[in-house]
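Peer 1: Following this message is one structure expressed as structure tokens.
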Amino acid sequence: MVSCTLYFDKDKTYFLSAGGVWLEPDNILRPGCVLIKEGRVKEVGPGIQSPGSEVEFLDFSHLFLIPGLIDAHVHLALGQGMGLITKVEHVVNAGMAAVRDGGDRDGLVLKRRNQIENRIVLAAAGQALFRAGRYGAFLGRPLTGKKEMVESVESLVKAGVDQIKVLVSGPVGLNRYNQVGPPQFETQELADLVSCARDHGLEVMAHANGPEAVTRAVRAGVNSIEHGYFMGLDALDLIAENGVYWVPTIEPLAVLAESETEPPKRRALIKRVINNQIKQLTRARDLGIHLGLGTDAGSPGVEVDSGLRREMAWWRKAGFSGSEILSIATADNAKLIGREEDVGRLTPGHLAFIIGLPDHVSLDQAPFVRPEMIGFPQL
Ligand SMILES: [Zn+2]
């Protein structure tokens, strides 16, 4: 448990004096002060002149402050064991500021949107779109043709989604190595979907594994590739050239690789699949691909709270420094989910989602250390 949680009331002003503050990538204050007003960062600096008298002073000289983290790929309505709103509480208590939800069959996340947004920032896909009769029935709405595609996008827009999610392929197969099913849409169909979404000001996130599905999705103009297992070097090059985001989601497989109920042979195979994904991720880092950190929480065994730190630990194996991982899990993810004005940084204007770490922690360790303080704003 975190030893201290703080709720920044909208009617109050808070002055936080800290050992250090990570404001945004490559911008650290040591020591640092943060003035919070109406739930947002109002002012930052090594010191702040006369913050005023009606201010609650908080001495965090023993802490290093970083922004709340963001999980760019979750399914809040999926998975067993706890209700949706309880899950959101776990998200908040893990020091997260925002999640991007990839959809559920009944659009439950959208229906509970107000309650969720009472606590965190949400970017929701509502229901994912998939080819009728193919993979994805548990995530959303089946499509058979263009007319239905247009109607589906329009009805999702009306329901208030923040992006469109499409399933371009099935999941990565775990019965033999390098097994991915065929794509479920043509490039032109995906391009039609992207243009329809853009007409409504929305980007498309594409679940895609294997070279063909990823290539089609990128050529069609999607904003992000989700998973991307076994996409291969050419697809990675294409992603880089087109400035598309990639969210590799290693954690769902990591959970299976550790599961006692999986036969040893299959666990060994899953480990090989993970290693290949880590290799792809190293390549992506070399190519300077825009990356997003997401867990696919809601998948079997993937927890909404601990999943993100576990995912980040896998990125270490791909060669990322702690500082790079922190940047991706905050500022980069905020941009990916379209909420960079609100979350991902502690510069003025951003919501006061704040994590306090022990001040002696190195930047390289920062993403992995258990928080001593978690602060969140009244929304
Ligand atoms: Zn997913």
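By convention here, the chains of the structure tokens are called A, B, ... in the order presented, each chain's residues are numbered starting at 1, and ligands are numbered starting at 1 in the order presented.
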Just list as a list in words whatever in stretch 204-378 of chain A DSSP marks as strand (DSSP E or B).
Peer 2: Val204, Met205, Ala206, His207, Ala208, Ser224, Ile225, Glu226, His227, Tyr245, Trp246, Val247, His290, Leu291, Ala297, Ser299, Leu351, Ile354, Ile355, Gly356, Leu357, Pro358, Met373, Ile374, Gly375, Phe376 and Pro377 of chain A
Peer 1: For the residues in the current selection, export C-alpha atoms as an mmCIF file, in the first residue's frame.
Peer 2:
```cif
data_model
loop_
_atom_site.group_PDB
_atom_site.id
_atom_site.type_symbol
_atom_site.label_atom_id
_atom_site.label_comp_id
_atom_site.auth_asym_id
_atom_site.auth_seq_id
_atom_site.Cartn_x
_atom_site.Cartn_y
_atom_site.Cartn_z
ATOM 1 C CA VAL A 204 -7.929 4.618 -35.598
ATOM 2 C CA MET A 205 -6.081 2.159 -33.363
ATOM 3 C CA ALA A 206 -5.455 -1.139 -35.120
ATOM 4 C CA HIS A 207 -5.044 -4.522 -33.460
ATOM 5 C CA ALA A 208 -2.688 -6.244 -35.914
ATOM 6 C CA SER A 224 -1.325 3.090 -33.964
ATOM 7 C CA ILE A 225 -0.521 -0.588 -34.301
ATOM 8 C CA GLU A 226 -1.499 -2.591 -31.219
ATOM 9 C CA HIS A 227 0.476 -5.796 -30.427
ATOM 10 C CA TYR A 245 2.703 4.517 -33.047
ATOM 11 C CA TRP A 246 3.355 0.975 -31.931
ATOM 12 C CA VAL A 247 2.074 -0.486 -28.637
ATOM 13 C CA HIS A 290 6.842 6.427 -31.802
ATOM 14 C CA LEU A 291 6.022 3.998 -29.025
ATOM 15 C CA ALA A 297 -5.123 -5.295 -18.893
ATOM 16 C CA SER A 299 -6.657 -10.046 -20.848
ATOM 17 C CA LEU A 351 -3.960 17.873 -14.129
ATOM 18 C CA ILE A 354 1.416 13.146 -9.088
ATOM 19 C CA ILE A 355 3.524 10.246 -7.875
ATOM 20 C CA GLY A 356 6.057 10.789 -5.071
ATOM 21 C CA LEU A 357 9.077 8.463 -5.033
ATOM 22 C CA PRO A 358 11.839 8.318 -2.411
ATOM 23 C CA MET A 373 2.800 9.286 -2.203
ATOM 24 C CA ILE A 374 0.065 9.428 -4.791
ATOM 25 C CA GLY A 375 -1.814 12.642 -5.448
ATOM 26 C CA PHE A 376 -4.800 13.025 -7.704
ATOM 27 C CA PRO A 377 -7.063 15.926 -8.574
#
```
Peer 1: Enumerate, as an NGL selection string, the complete set of residues in stretch 2-111 of chain A that a backbone-based DSSP assignment places in helix (DSSP H, G or I).
Peer 2: :A and (84-93 or 108-111)
Peer 1: Would you mind listing the residues within 12 Å of ligand 1, counting only C-alpha atoms and all ligand atoms, as a ChimeraX atom specification?
Peer 2: /A:71-79,100-104,125,127-128,136,138-140,165-167,169-172,205-209,225-228,247-252,294-300,302
Peer 1: Could you write out that same residue set with C-alpha atoms as a compact mmCIF listing (two decimals), in the first residue's frame?
Peer 2:
```
# COMPACT_ATOMS: atom_id res chain seq x y z
CA ASP A 71 -1.66 2.77 -19.73
CA ALA A 72 -2.29 3.08 -23.47
CA HIS A 73 -4.06 -0.24 -23.91
CA VAL A 74 -6.57 -1.66 -21.44
CA HIS A 75 -9.99 -3.28 -21.47
CA LEU A 76 -11.55 -2.10 -18.22
CA ALA A 77 -14.73 -4.12 -18.74
CA LEU A 78 -12.95 -7.42 -19.38
CA GLY A 79 -11.46 -9.92 -16.94
CA ARG A 100 -6.92 4.23 -23.26
CA ASP A 101 -9.59 1.55 -23.46
CA GLY A 102 -9.66 -0.76 -26.47
CA GLY A 103 -13.31 -1.71 -26.18
CA ASP A 104 -15.68 -4.38 -24.92
CA ALA A 125 -12.96 3.10 -28.17
CA GLN A 127 -16.69 -1.23 -29.09
CA ALA A 128 -14.00 -2.58 -31.40
CA GLY A 136 -13.16 -10.14 -31.97
CA PHE A 138 -15.88 -10.40 -27.27
CA LEU A 139 -14.62 -6.90 -28.04
CA GLY A 140 -17.27 -5.28 -30.14
CA LYS A 165 -10.56 0.46 -32.71
CA VAL A 166 -10.37 -2.11 -35.48
CA LEU A 167 -9.24 -5.73 -35.35
CA SER A 169 -5.98 -9.74 -37.51
CA GLY A 170 -6.51 -12.41 -34.90
CA PRO A 171 -4.31 -12.80 -31.81
CA VAL A 172 -0.77 -14.15 -32.03
CA MET A 205 -6.08 2.16 -33.36
CA ALA A 206 -5.45 -1.14 -35.12
CA HIS A 207 -5.04 -4.52 -33.46
CA ALA A 208 -2.69 -6.24 -35.91
CA ASN A 209 -0.26 -9.16 -35.78
CA ILE A 225 -0.52 -0.59 -34.30
CA GLU A 226 -1.50 -2.59 -31.22
CA HIS A 227 0.48 -5.80 -30.43
CA GLY A 228 2.30 -6.21 -33.77
CA VAL A 247 2.07 -0.49 -28.64
CA PRO A 248 3.74 -3.91 -28.20
CA THR A 249 1.81 -5.27 -25.14
CA ILE A 250 4.18 -7.94 -23.80
CA GLU A 251 2.47 -8.48 -20.44
CA PRO A 252 -0.41 -10.77 -21.60
CA GLY A 294 0.17 -0.58 -22.84
CA THR A 295 -0.62 -3.75 -20.95
CA ASP A 296 -3.82 -5.14 -22.48
CA ALA A 297 -5.12 -5.30 -18.89
CA GLY A 298 -8.36 -7.25 -18.91
CA SER A 299 -6.66 -10.05 -20.85
CA PRO A 300 -6.43 -13.22 -18.74
CA VAL A 302 -3.15 -9.04 -16.66
```
Peer 1: Between A:Ile164, A:Ala123, A:Val244, A:Met82, which is the closest to A:Asp342 once you count only C-alpha atoms?
Peer 2: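 Nearest to A:Asp342: A:Ala123.
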Peer 1: Measure the distance from atom CA of A:Leu233 to atom CA of A:Arg283 in Å and round it to one decimal.
Peer 2: 8.1 Å
Peer 1: Work out how far atom CA of A:Val109 is from atom CA of A:Arg370, in Å to one decimal.
Peer 2: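 Here the two named atoms are 28.2 Å from each other.
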Peer 1: Which residues, written as a list of chain:residue names, have at least one atom at most 12 Å from A:Glu151, with only C-alpha atoms counted and residues fewer than 6 positions away on the same chain left out?
Peer 2: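 Near A:Glu151, the qualifying residues are A:Leu129, A:Arg141, A:Pro142, A:Leu143, A:Thr144, A:Gly145, A:Val157, A:Lys158, A:Leu193, A:Cys196, A:Ala197.
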Peer 1: For those residues, write N, CA and C atoms to a file as a compact mmCIF listing (two decimals), in the first residue's frame.
Peer 2:
```
# COMPACT_ATOMS: atom_id res chain seq x y z
N LEU A 129 -14.26 -2.82 -33.80
CA LEU A 129 -14.89 -3.30 -35.02
C LEU A 129 -14.11 -4.50 -35.56
N ARG A 141 -18.29 -4.95 -32.28
CA ARG A 141 -19.34 -5.08 -33.28
C ARG A 141 -18.82 -5.69 -34.57
N PRO A 142 -19.60 -6.67 -35.13
CA PRO A 142 -19.19 -7.29 -36.39
C PRO A 142 -19.53 -6.40 -37.59
N LEU A 143 -18.66 -6.43 -38.59
CA LEU A 143 -18.92 -5.69 -39.83
C LEU A 143 -19.02 -6.68 -40.99
N THR A 144 -19.93 -6.41 -41.91
CA THR A 144 -19.96 -7.22 -43.13
C THR A 144 -19.62 -6.39 -44.36
N GLY A 145 -19.96 -5.13 -44.36
CA GLY A 145 -19.69 -4.31 -45.54
C GLY A 145 -19.48 -2.86 -45.19
N VAL A 157 -19.51 7.38 -32.71
CA VAL A 157 -19.28 8.82 -32.54
C VAL A 157 -20.39 9.41 -31.68
N LYS A 158 -21.61 9.03 -32.00
CA LYS A 158 -22.76 9.53 -31.24
C LYS A 158 -22.67 9.13 -29.77
N LEU A 193 -12.27 3.10 -43.59
CA LEU A 193 -12.56 3.25 -42.16
C LEU A 193 -11.80 4.45 -41.58
N CYS A 196 -13.38 7.63 -42.78
CA CYS A 196 -14.67 7.84 -42.10
C CYS A 196 -14.45 8.34 -40.66
N ALA A 197 -13.48 7.72 -39.97
CA ALA A 197 -13.18 8.15 -38.59
C ALA A 197 -12.66 9.59 -38.58
```
Peer 1: Let me make sure I understand: among A:Met312, A:Leu379, A:Ala235, A:Leu174, which one has the smallest atom-to-atom distance to A:Ile70 if we use only C-alpha atoms?
Peer 2: A:Met312
Peer 1: Skipping near chain neighbours, those fewer than 6 positions away, what residues fall within 12 Å of A:Ala268 using only C-alpha atoms, listed as a list in words?
Peer 2: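 Here the qualifying residues turn out to be Leu174, Asn175, Arg176, Tyr177, Leu253, Ala254, Leu256, Ala257, Glu258, Ser259, Glu262, Ile274 and Asn275 of chain A.
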Peer 1: Extract, using only C-alpha atoms, all DNA, RNA and protein residues at most 6 Å from A:Ala334, discarding same-chain residues fewer than 5 positions from it, and format them as JSON, numbers by chain.
Peer 2: {"A": [339, 340, 343, 344]}
Peer 1: Between atom CA of A:Val44 and atom CA of A:Ile28, what is the spacing in Å?
Peer 2: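 Value for the atom CA of A:Ile28-atom CA of A:Val44 distance: 10.8 Å.
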Peer 1: Rank nothing, just name the residue among A:Lys10, A:Val92, A:Gly20, A:Lys37 nearest to A:His350, using only C-alpha atoms.
Peer 2: A:Lys37
Peer 1: Find, counting only C-alpha atoms, the residue in A:Leu336, A:Lys317, A:Phe368, A:Arg309 that gets nearest to A:Glu203.
Peer 2: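 Among the listed residues, the smallest separation from A:Glu203 belongs to A:Leu336.
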Peer 1: Here is a test: counting only C-alpha atoms, which residue of A:Val55, A:Leu110, A:Leu346, A:Val361 is nearest to A:Leu23?
Peer 2: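 That would be A:Leu346, the residue with the smallest distance to A:Leu23.
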